[in-house]
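Colleague: Below is the file protein.pdb, which contains PDB, C-alpha atoms.
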```pdb
ATOM      1  CA  MET Q   1      54.600-171.194 -97.137  1.00  0.00           C
ATOM      2  CA  GLY Q   2      57.581-168.853 -96.932  1.00  0.00           C
ATOM      3  CA  CYS Q   3      58.339-166.067 -99.384  1.00  0.00           C
ATOM      4  CA  ALA Q   4      60.553-163.046 -99.473  1.00  0.00           C
ATOM      5  CA  VAL Q   5      58.831-159.767 -98.729  1.00  0.00           C
ATOM      6  CA  SER Q   6      59.279-157.433-101.696  1.00  0.00           C
ATOM      7  CA  ASN Q   7      59.936-153.726-101.429  1.00  0.00           C
ATOM      8  CA  ARG Q   8      56.549-153.131-103.021  1.00  0.00           C
ATOM      9  CA  ALA Q   9      54.790-155.150-100.325  1.00  0.00           C
ATOM     10  CA  ARG Q  10      56.701-153.436 -97.533  1.00  0.00           C
ATOM     11  CA  SER Q  11      55.732-150.085 -99.006  1.00  0.00           C
ATOM     12  CA  LYS Q  12      52.082-151.060 -99.150  1.00  0.00           C
ATOM     13  CA  VAL Q  13      52.054-152.520 -95.654  1.00  0.00           C
ATOM     14  CA  PHE Q  14      53.959-149.744 -93.950  1.00  0.00           C
ATOM     15  CA  GLY Q  15      52.972-146.834 -96.168  1.00  0.00           C
ATOM     16  CA  THR Q  16      50.544-145.726 -93.469  1.00  0.00           C
ATOM     17  CA  LEU Q  17      53.259-145.559 -90.803  1.00  0.00           C
ATOM     18  CA  ILE Q  18      52.716-141.848 -90.513  1.00  0.00           C
ATOM     19  CA  LEU Q  19      49.447-142.755 -88.832  1.00  0.00           C
ATOM     20  CA  SER Q  20      51.172-144.986 -86.321  1.00  0.00           C
ATOM     21  CA  SER Q  21      52.043-141.956 -84.232  1.00  0.00           C
ATOM     22  CA  ALA Q  22      48.570-142.535 -82.829  1.00  0.00           C
ATOM     23  CA  LEU Q  23      49.980-145.648 -81.174  1.00  0.00           C
ATOM     24  CA  SER Q  24      52.196-143.511 -78.950  1.00  0.00           C
ATOM     25  CA  PRO Q  25      50.674-140.784 -76.765  1.00  0.00           C
ATOM     26  CA  ALA Q  26      54.064-139.262 -75.985  1.00  0.00           C
ATOM     27  CA  ILE Q  27      53.161-135.714 -77.077  1.00  0.00           C
ATOM     28  CA  PRO Q  28      49.413-135.079 -76.937  1.00  0.00           C
ATOM     29  CA  ARG Q  29      48.345-132.451 -79.452  1.00  0.00           C
ATOM     30  CA  VAL Q  30      44.741-131.658 -78.656  1.00  0.00           C
ATOM     31  CA  SER Q  31      43.262-128.381 -79.838  1.00  0.00           C
ATOM     32  CA  LEU Q  32      40.496-126.625 -77.923  1.00  0.00           C
ATOM     33  CA  PRO Q  33      37.816-127.709 -80.438  1.00  0.00           C
ATOM     34  CA  ASP Q  34      39.169-131.288 -80.201  1.00  0.00           C
ATOM     35  CA  HIS Q  35      38.828-131.206 -76.421  1.00  0.00           C
ATOM     36  CA  VAL Q  36      35.268-129.871 -76.550  1.00  0.00           C
ATOM     37  CA  PHE Q  37      34.312-132.364 -79.249  1.00  0.00           C
ATOM     38  CA  ALA Q  38      35.777-135.348 -77.401  1.00  0.00           C
ATOM     39  CA  ARG Q  39      34.055-134.533 -74.128  1.00  0.00           C
ATOM     40  CA  LEU Q  40      30.651-133.818 -75.666  1.00  0.00           C
ATOM     41  CA  ARG Q  41      30.869-136.952 -77.788  1.00  0.00           C
ATOM     42  CA  ALA Q  42      31.680-139.066 -74.738  1.00  0.00           C
ATOM     43  CA  GLU Q  43      28.808-137.509 -72.786  1.00  0.00           C
ATOM     44  CA  ILE Q  44      26.358-138.207 -75.617  1.00  0.00           C
ATOM     45  CA  LEU Q  45      27.505-141.795 -76.158  1.00  0.00           C
ATOM     46  CA  SER Q  46      27.494-142.557 -72.434  1.00  0.00           C
ATOM     47  CA  GLY Q  47      23.906-141.331 -72.085  1.00  0.00           C
ATOM     48  CA  GLN Q  48      24.588-138.201 -70.057  1.00  0.00           C
ATOM     49  CA  TYR Q  49      22.725-136.382 -72.810  1.00  0.00           C
ATOM     50  CA  ARG Q  50      19.765-138.429 -74.035  1.00  0.00           C
ATOM     51  CA  PRO Q  51      18.139-138.529 -77.488  1.00  0.00           C
ATOM     52  CA  GLY Q  52      15.837-135.559 -77.988  1.00  0.00           C
ATOM     53  CA  GLU Q  53      17.511-133.534 -75.250  1.00  0.00           C
ATOM     54  CA  ARG Q  54      18.956-130.095 -75.987  1.00  0.00           C
ATOM     55  CA  LEU Q  55      22.587-129.397 -75.304  1.00  0.00           C
ATOM     56  CA  PRO Q  56      23.256-126.245 -73.281  1.00  0.00           C
ATOM     57  CA  ALA Q  57      23.298-123.046 -75.315  1.00  0.00           C
ATOM     58  CA  GLN Q  58      26.556-122.317 -77.105  1.00  0.00           C
ATOM     59  CA  ARG Q  59      27.405-119.436 -74.771  1.00  0.00           C
ATOM     60  CA  ALA Q  60      26.843-121.665 -71.760  1.00  0.00           C
ATOM     61  CA  LEU Q  61      29.076-124.351 -73.278  1.00  0.00           C
ATOM     62  CA  ALA Q  62      31.781-121.788 -73.999  1.00  0.00           C
ATOM     63  CA  ALA Q  63      31.693-120.633 -70.397  1.00  0.00           C
ATOM     64  CA  ASP Q  64      31.706-124.212 -69.085  1.00  0.00           C
ATOM     65  CA  PHE Q  65      34.718-125.202 -71.194  1.00  0.00           C
ATOM     66  CA  GLY Q  66      36.473-121.861 -70.872  1.00  0.00           C
ATOM     67  CA  VAL Q  67      36.843-121.509 -74.644  1.00  0.00           C
ATOM     68  CA  ASN Q  68      35.641-119.073 -77.275  1.00  0.00           C
ATOM     69  CA  MET Q  69      32.494-119.454 -79.357  1.00  0.00           C
ATOM     70  CA  ALA Q  70      34.449-120.460 -82.457  1.00  0.00           C
ATOM     71  CA  SER Q  71      35.738-123.573 -80.660  1.00  0.00           C
ATOM     72  CA  ILE Q  72      32.203-124.503 -79.604  1.00  0.00           C
ATOM     73  CA  ARG Q  73      30.822-124.029 -83.114  1.00  0.00           C
ATOM     74  CA  GLU Q  74      33.585-126.162 -84.626  1.00  0.00           C
ATOM     75  CA  ALA Q  75      33.011-128.952 -82.083  1.00  0.00           C
ATOM     76  CA  LEU Q  76      29.253-128.907 -82.694  1.00  0.00           C
ATOM     77  CA  LYS Q  77      29.811-129.012 -86.445  1.00  0.00           C
ATOM     78  CA  ARG Q  78      31.899-132.181 -86.031  1.00  0.00           C
ATOM     79  CA  LEU Q  79      29.265-133.754 -83.811  1.00  0.00           C
ATOM     80  CA  GLU Q  80      26.653-132.954 -86.444  1.00  0.00           C
ATOM     81  CA  GLN Q  81      28.804-134.486 -89.188  1.00  0.00           C
ATOM     82  CA  LEU Q  82      28.915-137.708 -87.134  1.00  0.00           C
ATOM     83  CA  ARG Q  83      25.104-137.550 -86.835  1.00  0.00           C
ATOM     84  CA  LEU Q  84      25.245-137.356 -83.050  1.00  0.00           C
ATOM     85  CA  VAL Q  85      23.407-134.035 -82.884  1.00  0.00           C
ATOM     86  CA  GLU Q  86      21.267-131.807 -85.075  1.00  0.00           C
ATOM     87  CA  VAL Q  87      21.843-128.060 -84.921  1.00  0.00           C
ATOM     88  CA  ARG Q  88      18.473-126.371 -85.394  1.00  0.00           C
ATOM     89  CA  HIS Q  89      18.673-122.644 -85.919  1.00  0.00           C
ATOM     90  CA  GLY Q  90      16.433-120.943 -83.394  1.00  0.00           C
ATOM     91  CA  ASP Q  91      15.844-124.199 -81.521  1.00  0.00           C
ATOM     92  CA  GLY Q  92      19.290-125.112 -80.189  1.00  0.00           C
ATOM     93  CA  THR Q  93      21.295-128.312 -80.621  1.00  0.00           C
ATOM     94  CA  ILE Q  94      19.285-131.534 -80.297  1.00  0.00           C
ATOM     95  CA  VAL Q  95      20.893-134.841 -79.347  1.00  0.00           C
ATOM     96  CA  LEU Q  96      20.082-137.619 -81.835  1.00  0.00           C
ATOM     97  CA  ASP Q  97      19.607-141.300 -81.107  1.00  0.00           C
ATOM     98  CA  TRP Q  98      23.125-142.262 -82.238  1.00  0.00           C
ATOM     99  CA  ARG Q  99      22.276-145.973 -82.331  1.00  0.00           C
ATOM    100  CA  ARG Q 100      19.935-145.162 -85.211  1.00  0.00           C
ATOM    101  CA  SER Q 101      21.770-142.262 -86.844  1.00  0.00           C
ATOM    102  CA  GLY Q 102      25.470-142.677 -85.995  1.00  0.00           C
ATOM    103  CA  GLY Q 103      28.335-144.573 -87.579  1.00  0.00           C
ATOM    104  CA  LEU Q 104      31.254-146.706 -86.453  1.00  0.00           C
ATOM    105  CA  GLU Q 105      32.819-143.711 -84.719  1.00  0.00           C
ATOM    106  CA  ALA Q 106      30.383-144.409 -81.903  1.00  0.00           C
ATOM    107  CA  LEU Q 107      32.461-147.440 -80.956  1.00  0.00           C
ATOM    108  CA  MET Q 108      35.357-145.325 -79.714  1.00  0.00           C
ATOM    109  CA  LEU Q 109      35.323-143.592 -76.343  1.00  0.00           C
ATOM    110  CA  HIS Q 110      38.402-141.841 -74.990  1.00  0.00           C
ATOM    111  CA  ASP Q 111      40.722-143.719 -77.382  1.00  0.00           C
ATOM    112  CA  ARG Q 112      39.504-147.131 -76.334  1.00  0.00           C
ATOM    113  CA  VAL Q 113      36.843-149.520 -77.575  1.00  0.00           C
ATOM    114  CA  ASP Q 114      33.864-149.290 -75.275  1.00  0.00           C
ATOM    115  CA  GLU Q 115      33.403-152.711 -73.679  1.00  0.00           C
ATOM    116  CA  SER Q 116      29.669-152.754 -74.360  1.00  0.00           C
ATOM    117  CA  PHE Q 117      30.360-152.564 -78.124  1.00  0.00           C
ATOM    118  CA  ALA Q 118      33.482-154.699 -78.422  1.00  0.00           C
ATOM    119  CA  ARG Q 119      31.700-158.034 -78.788  1.00  0.00           C
ATOM    120  CA  ASP Q 120      29.422-156.652 -81.489  1.00  0.00           C
ATOM    121  CA  LEU Q 121      32.456-155.227 -83.289  1.00  0.00           C
ATOM    122  CA  PHE Q 122      34.301-158.537 -83.401  1.00  0.00           C
ATOM    123  CA  GLU Q 123      31.189-160.479 -84.341  1.00  0.00           C
ATOM    124  CA  ALA Q 124      30.660-158.190 -87.352  1.00  0.00           C
ATOM    125  CA  ARG Q 125      34.382-158.292 -88.185  1.00  0.00           C
ATOM    126  CA  ARG Q 126      34.345-162.087 -88.296  1.00  0.00           C
ATOM    127  CA  LEU Q 127      31.291-162.246 -90.561  1.00  0.00           C
ATOM    128  CA  LEU Q 128      32.710-159.727 -93.034  1.00  0.00           C
ATOM    129  CA  LEU Q 129      36.202-161.216 -93.210  1.00  0.00           C
ATOM    130  CA  VAL Q 130      35.078-164.838 -93.537  1.00  0.00           C
ATOM    131  CA  GLU Q 131      32.818-164.047 -96.474  1.00  0.00           C
ATOM    132  CA  ALA Q 132      35.483-161.789 -97.981  1.00  0.00           C
ATOM    133  CA  ALA Q 133      37.959-164.683 -97.812  1.00  0.00           C
ATOM    134  CA  ARG Q 134      35.516-166.969 -99.600  1.00  0.00           C
ATOM    135  CA  LEU Q 135      34.953-164.439-102.375  1.00  0.00           C
ATOM    136  CA  ALA Q 136      38.647-163.546-102.608  1.00  0.00           C
ATOM    137  CA  ALA Q 137      39.532-167.173-103.331  1.00  0.00           C
ATOM    138  CA  GLU Q 138      37.082-167.129-106.223  1.00  0.00           C
ATOM    139  CA  ARG Q 139      37.802-163.671-107.626  1.00  0.00           C
ATOM    140  CA  ARG Q 140      41.376-162.674-106.780  1.00  0.00           C
ATOM    141  CA  SER Q 141      43.920-161.678-109.382  1.00  0.00           C
ATOM    142  CA  ASP Q 142      47.401-163.178-109.410  1.00  0.00           C
ATOM    143  CA  ALA Q 143      48.805-159.884-108.101  1.00  0.00           C
ATOM    144  CA  GLN Q 144      46.318-159.877-105.228  1.00  0.00           C
ATOM    145  CA  ALA Q 145      47.162-163.457-104.297  1.00  0.00           C
ATOM    146  CA  LEU Q 146      50.870-162.624-104.258  1.00  0.00           C
ATOM    147  CA  ALA Q 147      50.267-159.477-102.190  1.00  0.00           C
ATOM    148  CA  LEU Q 148      48.385-161.448 -99.525  1.00  0.00           C
ATOM    149  CA  SER Q 149      51.244-163.925 -99.186  1.00  0.00           C
ATOM    150  CA  GLU Q 150      53.762-161.097 -98.938  1.00  0.00           C
ATOM    151  CA  MET Q 151      51.684-159.330 -96.305  1.00  0.00           C
ATOM    152  CA  ALA Q 152      51.472-162.484 -94.222  1.00  0.00           C
ATOM    153  CA  GLU Q 153      55.274-162.620 -94.279  1.00  0.00           C
ATOM    154  CA  ALA Q 154      55.484-158.916 -93.481  1.00  0.00           C
ATOM    155  CA  LEU Q 155      53.447-159.534 -90.360  1.00  0.00           C
ATOM    156  CA  ALA Q 156      55.652-162.466 -89.404  1.00  0.00           C
ATOM    157  CA  SER Q 157      58.755-160.278 -89.671  1.00  0.00           C
ATOM    158  CA  ALA Q 158      57.300-157.101 -88.130  1.00  0.00           C
ATOM    159  CA  ASP Q 159      59.782-155.484 -85.778  1.00  0.00           C
ATOM    160  CA  ASP Q 160      57.313-154.407 -83.127  1.00  0.00           C
ATOM    161  CA  GLU Q 161      53.663-154.241 -82.147  1.00  0.00           C
ATOM    162  CA  SER Q 162      52.994-151.061 -84.133  1.00  0.00           C
ATOM    163  CA  HIS Q 163      54.259-152.617 -87.361  1.00  0.00           C
ATOM    164  CA  ALA Q 164      52.373-155.836 -86.642  1.00  0.00           C
ATOM    165  CA  LEU Q 165      49.094-153.956 -86.167  1.00  0.00           C
ATOM    166  CA  LEU Q 166      49.567-152.111 -89.457  1.00  0.00           C
ATOM    167  CA  ALA Q 167      50.463-155.363 -91.209  1.00  0.00           C
ATOM    168  CA  ASP Q 168      47.295-156.980 -89.836  1.00  0.00           C
ATOM    169  CA  TRP Q 169      45.241-154.093 -91.190  1.00  0.00           C
ATOM    170  CA  ALA Q 170      46.978-154.262 -94.578  1.00  0.00           C
ATOM    171  CA  PHE Q 171      46.316-158.015 -94.824  1.00  0.00           C
ATOM    172  CA  MET Q 172      42.620-157.685 -93.997  1.00  0.00           C
ATOM    173  CA  ALA Q 173      42.148-154.693 -96.299  1.00  0.00           C
ATOM    174  CA  ALA Q 174      43.836-156.572 -99.148  1.00  0.00           C
ATOM    175  CA  LEU Q 175      41.617-159.589 -98.478  1.00  0.00           C
ATOM    176  CA  VAL Q 176      38.497-157.442 -98.748  1.00  0.00           C
ATOM    177  CA  GLU Q 177      39.810-155.738-101.894  1.00  0.00           C
ATOM    178  CA  ALA Q 178      40.434-159.132-103.490  1.00  0.00           C
ATOM    179  CA  ALA Q 179      36.834-160.111-102.718  1.00  0.00           C
ATOM    180  CA  GLY Q 180      35.704-157.546-105.289  1.00  0.00           C
ATOM    181  CA  ASN Q 181      32.639-156.423-103.337  1.00  0.00           C
ATOM    182  CA  LEU Q 182      32.209-152.648-103.310  1.00  0.00           C
ATOM    183  CA  ILE Q 183      30.053-152.580-100.170  1.00  0.00           C
ATOM    184  CA  PHE Q 184      32.671-154.594 -98.279  1.00  0.00           C
ATOM    185  CA  GLN Q 185      35.329-152.120 -99.396  1.00  0.00           C
ATOM    186  CA  LEU Q 186      33.287-149.091 -98.346  1.00  0.00           C
ATOM    187  CA  THR Q 187      32.654-150.730 -94.986  1.00  0.00           C
ATOM    188  CA  MET Q 188      36.402-151.229 -94.560  1.00  0.00           C
ATOM    189  CA  ASN Q 189      36.916-147.543 -95.329  1.00  0.00           C
ATOM    190  CA  SER Q 190      34.699-146.693 -92.366  1.00  0.00           C
ATOM    191  CA  VAL Q 191      36.483-149.213 -90.172  1.00  0.00           C
ATOM    192  CA  ARG Q 192      39.830-147.698 -91.171  1.00  0.00           C
ATOM    193  CA  GLU Q 193      38.774-144.330 -89.758  1.00  0.00           C
ATOM    194  CA  LEU Q 194      37.992-146.051 -86.467  1.00  0.00           C
ATOM    195  CA  TYR Q 195      40.978-148.382 -86.363  1.00  0.00           C
ATOM    196  CA  LEU Q 196      44.138-146.667 -87.598  1.00  0.00           C
ATOM    197  CA  PRO Q 197      44.007-143.507 -85.471  1.00  0.00           C
ATOM    198  CA  HIS Q 198      43.345-145.661 -82.392  1.00  0.00           C
ATOM    199  CA  ALA Q 199      45.286-148.792 -83.293  1.00  0.00           C
ATOM    200  CA  GLY Q 200      46.902-148.963 -79.863  1.00  0.00           C
ATOM    201  CA  ALA Q 201      43.512-149.840 -78.399  1.00  0.00           C
ATOM    202  CA  PHE Q 202      43.590-153.035 -80.489  1.00  0.00           C
ATOM    203  CA  ALA Q 203      47.088-154.168 -79.489  1.00  0.00           C
ATOM    204  CA  ALA Q 204      45.826-157.581 -78.367  1.00  0.00           C
ATOM    205  CA  LEU Q 205      44.952-158.416 -81.993  1.00  0.00           C
ATOM    206  CA  VAL Q 206      48.581-159.347 -82.612  1.00  0.00           C
ATOM    207  CA  ALA Q 207      49.538-160.329 -79.065  1.00  0.00           C
ATOM    208  CA  ASN Q 208      50.318-163.945 -79.948  1.00  0.00           C
ATOM    209  CA  ARG Q 209      51.988-163.958 -83.344  1.00  0.00           C
ATOM    210  CA  GLU Q 210      53.314-167.503 -82.923  1.00  0.00           C
ATOM    211  CA  GLN Q 211      49.697-168.663 -82.929  1.00  0.00           C
ATOM    212  CA  LEU Q 212      48.419-166.213 -85.539  1.00  0.00           C
ATOM    213  CA  VAL Q 213      51.070-166.126 -88.280  1.00  0.00           C
ATOM    214  CA  PRO Q 214      50.396-169.710 -89.473  1.00  0.00           C
ATOM    215  CA  LEU Q 215      46.733-168.727 -89.869  1.00  0.00           C
ATOM    216  CA  TYR Q 216      47.576-165.684 -92.023  1.00  0.00           C
ATOM    217  CA  ARG Q 217      49.797-167.918 -94.167  1.00  0.00           C
ATOM    218  CA  ARG Q 218      47.125-170.601 -94.379  1.00  0.00           C
ATOM    219  CA  ALA Q 219      44.496-168.043 -95.458  1.00  0.00           C
ATOM    220  CA  ALA Q 220      46.817-166.505 -98.048  1.00  0.00           C
ATOM    221  CA  GLY Q 221      47.683-169.943 -99.417  1.00  0.00           C
ATOM    222  CA  ALA Q 222      44.024-170.919 -99.708  1.00  0.00           C
ATOM    223  CA  VAL Q 223      43.213-167.715-101.600  1.00  0.00           C
ATOM    224  CA  ARG Q 224      46.181-168.400-103.899  1.00  0.00           C
ATOM    225  CA  ASP Q 225      44.919-171.956-104.491  1.00  0.00           C
ATOM    226  CA  ARG Q 226      41.355-170.716-105.086  1.00  0.00           C
ATOM    227  CA  ASP Q 227      40.091-172.933-102.260  1.00  0.00           C
ATOM    228  CA  ALA Q 228      37.118-170.894-101.028  1.00  0.00           C
ATOM    229  CA  GLY Q 229      36.141-173.267 -98.233  1.00  0.00           C
ATOM    230  CA  GLU Q 230      39.659-173.466 -96.819  1.00  0.00           C
ATOM    231  CA  ALA Q 231      40.131-169.684 -97.096  1.00  0.00           C
ATOM    232  CA  ALA Q 232      36.915-169.077 -95.171  1.00  0.00           C
ATOM    233  CA  ALA Q 233      37.844-171.669 -92.541  1.00  0.00           C
ATOM    234  CA  ALA Q 234      41.336-170.213 -92.035  1.00  0.00           C
ATOM    235  CA  VAL Q 235      40.041-166.668 -91.658  1.00  0.00           C
ATOM    236  CA  ALA Q 236      37.277-167.845 -89.316  1.00  0.00           C
ATOM    237  CA  GLU Q 237      39.894-169.493 -87.092  1.00  0.00           C
ATOM    238  CA  LEU Q 238      42.069-166.380 -87.264  1.00  0.00           C
ATOM    239  CA  ALA Q 239      39.168-164.052 -86.414  1.00  0.00           C
ATOM    240  CA  ASP Q 240      38.097-166.293 -83.529  1.00  0.00           C
ATOM    241  CA  ALA Q 241      41.643-166.374 -82.143  1.00  0.00           C
ATOM    242  CA  GLN Q 242      41.962-162.597 -82.356  1.00  0.00           C
ATOM    243  CA  GLY Q 243      38.542-162.097 -80.812  1.00  0.00           C
ATOM    244  CA  ALA Q 244      39.534-164.304 -77.891  1.00  0.00           C
ATOM    245  CA  LEU Q 245      42.765-162.314 -77.415  1.00  0.00           C
ATOM    246  CA  VAL Q 246      40.913-159.009 -77.291  1.00  0.00           C
ATOM    247  CA  LEU Q 247      37.724-160.015 -75.490  1.00  0.00           C
ATOM    248  CA  GLY Q 248      39.215-162.625 -73.179  1.00  0.00           C
TER     249      GLY Q 248
END
```
Can you dump the structure from the file as structure tokens?
Modeller:
Amino acid sequence: MGCAVSNRARSKVFGTLILSSALSPAIPRVSLPDHVFARLRAEILSGQYRPGERLPAQRALAADFGVNMASIREALKRLEQLRLVEVRHGDGTIVLDWRRSGGLEALMLHDRVDESFARDLFEARRLLLVEAARLAAERRSDAQALALSEMAEALASADDESHALLADWAFMAALVEAAGNLIFQLTMNSVRELYLPHAGAFAALVANREQLVPLYRRAAGAVRDRDAGEAAAAVAELADAQGALVLG
């Protein structure tokens, strides 16, 4: 199905373009706390620091990184917010078992998806999107059905990989919104914080648009027609194709 892409749809799809600067590492802007945070996070997630182990004292960390104490405290605060460590006053900073306490942020190491987590990520993505498609076909509003069709066309006409990645995200987020399930939407909010700032790591998602665009259109059409089975089948095929592109 072909349809013109309205200005409203383009605005919704590409309204997050300011975030697409993350797709291009031309001018790295990493503060000292960012650097400390990124390295400690990577060391925790890779197992260099194990659950229950204490991180070195803050003064020792400051000396090791060559930064001031304020940078160390800020980095540790961010690690604690991600539930990777627990800062215990008088007892140091304890590494938590992030597989039990952490969130989706644990999937990202050094601006790439860690290979050991990628399969789990795409398995969960498929399950969520397929069920969201089924529910969207049953619950969508007319405006939501139209938006999905317009977003499929926006992806088809995207000028480059960056725009295509953002259009893919917009389509999937709109699909989940149309499903009308609050938990699905909150889950997508968490995924957004993982995906958009590091979208370049997922470039393969849209690597073969000739194969993928008909599947976006088919899914949008099924949601429009309130055909839950066909919507789920189209999104399952799309998710499988994208998983194969990324995972090989």
Colleague: For Ala132 of chain Q, find every residue with an atom within 12 Å (counting all atoms listed in the file), except residues of its own chain fewer than 4 positions away, and show them as a ChimeraX atom specification.
Modeller: /Q:125-128,136-140,171-185,187-188,219,223,228-229,231-236
Colleague: So that I have them on file, write out the residues from the current selection with C-alpha atoms, as a short mmCIF file (atom, residue, chain, number, x, y, z; two decimals), in the coordinates of the input.
Modeller:
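result_37.cif, written as the output of this step:
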```
data_model
loop_
_atom_site.label_atom_id
_atom_site.label_comp_id
_atom_site.auth_asym_id
_atom_site.auth_seq_id
_atom_site.Cartn_x
_atom_site.Cartn_y
_atom_site.Cartn_z
CA ARG Q 125 34.38 -158.29 -88.18
CA ARG Q 126 34.34 -162.09 -88.30
CA LEU Q 127 31.29 -162.25 -90.56
CA LEU Q 128 32.71 -159.73 -93.03
CA ALA Q 136 38.65 -163.55 -102.61
CA ALA Q 137 39.53 -167.17 -103.33
CA GLU Q 138 37.08 -167.13 -106.22
CA ARG Q 139 37.80 -163.67 -107.63
CA ARG Q 140 41.38 -162.67 -106.78
CA PHE Q 171 46.32 -158.01 -94.82
CA MET Q 172 42.62 -157.68 -94.00
CA ALA Q 173 42.15 -154.69 -96.30
CA ALA Q 174 43.84 -156.57 -99.15
CA LEU Q 175 41.62 -159.59 -98.48
CA VAL Q 176 38.50 -157.44 -98.75
CA GLU Q 177 39.81 -155.74 -101.89
CA ALA Q 178 40.43 -159.13 -103.49
CA ALA Q 179 36.83 -160.11 -102.72
CA GLY Q 180 35.70 -157.55 -105.29
CA ASN Q 181 32.64 -156.42 -103.34
CA LEU Q 182 32.21 -152.65 -103.31
CA ILE Q 183 30.05 -152.58 -100.17
CA PHE Q 184 32.67 -154.59 -98.28
CA GLN Q 185 35.33 -152.12 -99.40
CA THR Q 187 32.65 -150.73 -94.99
CA MET Q 188 36.40 -151.23 -94.56
CA ALA Q 219 44.50 -168.04 -95.46
CA VAL Q 223 43.21 -167.72 -101.60
CA ALA Q 228 37.12 -170.89 -101.03
CA GLY Q 229 36.14 -173.27 -98.23
CA ALA Q 231 40.13 -169.68 -97.10
CA ALA Q 232 36.92 -169.08 -95.17
CA ALA Q 233 37.84 -171.67 -92.54
CA ALA Q 234 41.34 -170.21 -92.04
CA VAL Q 235 40.04 -166.67 -91.66
CA ALA Q 236 37.28 -167.84 -89.32
#
```
Colleague: Atom CA of Ser71 of chain Q and atom CA of Pro33 of chain Q are how many Å apart?
Modeller: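 Computing the Euclidean distance for atom CA of Ser71 of chain Q and atom CA of Pro33 of chain Q yields 4.6 Å.
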Colleague: Neighbouring residues of His89 of chain Q were defined as those with any atom within 12 Å, considering all atoms listed in the file; residues of the same chain fewer than 5 positions away were excluded. Please report them as a ChimeraX atom specification.
Modeller: /Q:57-58,94
Colleague: Those selected residues, please, written with C-alpha atoms and delivered as a tab-separated table (two decimals), keeping the file's coordinate frame.
Modeller:
```tsv
chain	number	residue	atom	x	y	z
Q	57	ALA	CA	23.30	-123.05	-75.32
Q	58	GLN	CA	26.56	-122.32	-77.10
Q	94	ILE	CA	19.28	-131.53	-80.30
```
Colleague: Of the candidates Q:Leu104, Q:Ala70, Q:Ala75, Q:Ala147, which shows the shortest atom-to-atom distance to Ser190 of chain Q, using all atoms listed in the file?
Modeller: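 Going through Q:Leu104, Q:Ala70, Q:Ala75, Q:Ala147 one by one, the smallest distance to Ser190 of chain Q is for Q:Leu104.
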Colleague: Step by step, work through what the PyMOL selection byres ((chain Q and resi 36) around 8) selects in the shown file, and finish by giving those residues as a list in words.
Modeller: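 This file gives the following for the PyMOL selection byres ((chain Q and resi 36) around 8): Leu32, Pro33, Asp34, His35, Phe37, Ala38, Arg39, Leu40, Phe65, Ser71, Ile72 and Ala75 of chain Q.
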Colleague: Give as a VMD selection string the residues that the PyMOL selection byres ((chain Q and resi 240) around 12) matches when applied to the coordinates above.
Modeller: chain Q and resid 119 122 to 127 129 to 130 205 211 to 212 215 233 to 239 241 to 248
